[in-house]
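Below: one structure, written as structure tokens.
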Amino acid sequence: MRPATHTKKGSPRISKPSERLKELGLTLPEAPKPVAAYVPCVKHGDMLILSGQIPVKDGKIQFAGQVGLELRLEAAQDAARLCTMNALAVAADAAGGIDNIARILKVVVYVASHEDFTDQHKVANGASELLVSIFGDAGKHARAAVGVAELPLNSAVEIDITFAVSQ
């Protein structure tokens with residue numbers, strides 16, 4: 001179920017993800033290109049399984065280093081949101097538009113963590129809360145948040161998402 005909004009007469013209607021993006025002042029970026037030997041997305045039946053997305057904008061890493069050392073929690077949450085927007089761009093391309101994404105199934109968030117950093121779940125909330133704000137109940141998902149020593153290109157966060165799409 002998608003979030004209800006109200007029309008001028010006060011009757012509720014269901015918002016599409018594309019409408020919610022506009023309401024939130026967000027625009028999907030261009031889908032990032034792979035940086036190694038993989039494809040960004042595999043479609044199987046009504047599922048899209050994405051490769052990991054890192055916080056890239058205009059071809060450059062925006063959040064680098066270990067969280068808890070070079071980056072604070074708030075910056076890592078911003079990194080998770082940017083990764084999520086990149087993932088949505090890839091998924092929207094594969095699904096024929098963001099409104100064809102029916103549900104978010106699973107999100108895995110990898111956080112390059114300093115040895116004393118244990119708030120990976122709070123970093124992941126940056127992604128999870130964004131998905132719910134765009135998709136409503138269909139944005140609620142299973143999730144894992146994992147601390148790792150390093151990520152590709154010194155990225156602070158990497159996210160992979162599995163989507164269900166409309167057939």
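Labels used: A, B, ... for chains in the order of the structure tokens, numbers from 1 for residues in each chain, and numbers from 1 for ligands as shown.
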
Item to complete: Using DSSP on the backbone coordinates, identify the residues of chain A assigned to helix (DSSP H, G or I); present them as an MDAnalysis selection string.
Response: chainID A and resid 17:23 73:95 98:100 120:139 152:154

Kindly provide the residues of range 31-54 of chain A that approach range 94-104 of chain A to within 8 Å, each paired with its closest atom pair and their distance in Å to one decimal, based on only C-alpha atoms, listed by chain and increasing number, as JSON lines.
```
{"residue": "A:Cys41", "atom": "CA", "partner": "A:Ala94", "partner_atom": "CA", "distance": 7.3}
{"residue": "A:Lys43", "atom": "CA", "partner": "A:Ala94", "partner_atom": "CA", "distance": 7.5}
{"residue": "A:Leu48", "atom": "CA", "partner": "A:Ala94", "partner_atom": "CA", "distance": 7.8}
```

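When the distance limit is 6 Å and only C-alpha atoms are what count, the residues near range 160-163 of chain A, minus those fewer than 4 positions from it on the same chain, are Met47, Leu48, Ile49, Leu50, Ser51, Gly52, Arg103, Ile104, Leu105, Lys106, Val107 and Val108 of chain A.
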
Response to the item:
Nearest to Gln53 in chain A, restricted to only C-alpha atoms and choosing among A:Ser155, A:Gln66, A:Thr118, A:Ser166, comes out as A:Ser155

Range 34-100 of chain A residues near range 151-154 of chain A within 9 Å, closest pair each, using only C-alpha atoms, as a Markdown table:
```
| residue | atom | partner | partner_atom | distance |
| --- | --- | --- | --- | --- |
| A:Ile54 | CA | A:Pro152 | CA | 8.3 |
| A:Ile61 | CA | A:Leu153 | CA | 7.7 |
| A:Phe63 | CA | A:Asn154 | CA | 8.5 |
| A:Ala64 | CA | A:Asn154 | CA | 5.3 |
| A:Gly65 | CA | A:Asn154 | CA | 5.6 |
| A:Gln66 | CA | A:Asn154 | CA | 8.2 |
```

Item to complete: Would you mind writing down, as a PyMOL selection string, each residue of range 19-126 of chain A that DSSP on the backbone assigns to strand (DSSP E)?
Response: chain A and resi 41-44+47-50+56-57+60-61+101-112

Worksheet item: Using only C-alpha atoms, which of A:Arg20, A:Gly68, A:Asp93, A:Asp119 sits nearest Val132 in chain A?
Response: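 Closest to Val132 in chain A, using only C-alpha atoms: A:Arg20.
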
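Nearest residue to Glu158 in chain A among A:Thr27, A:Ser133, A:Thr84, A:Ser15 is A:Thr84, counting only C-alpha atoms.
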
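When the distance limit is 9 Å and only C-alpha atoms are what count, the residues near Ala75 in chain A, minus those fewer than 4 positions from it on the same chain, are A:Phe63, A:Val67, A:Leu71, A:Ala79, A:Ala80, A:Val123.
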
Worksheet item: Which residue, A:Glu30, A:Asp137, A:Glu150, A:Glu19, has the smallest gap to Ala89 in chain A when you use only C-alpha atoms?
Response: A:Glu30

Discussion item. Counting only C-alpha atoms, which residue out of A:Val90, A:Tyr38, A:His141, A:Glu70 sits closest to Ser113 in chain A?
Written reply: A:Glu70

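Compared by their closest atoms to Gly25 in chain A, and using only C-alpha atoms, the residues A:Ala142, A:Ile134, A:Glu115, A:Leu88 rank with A:Ile134 nearest.
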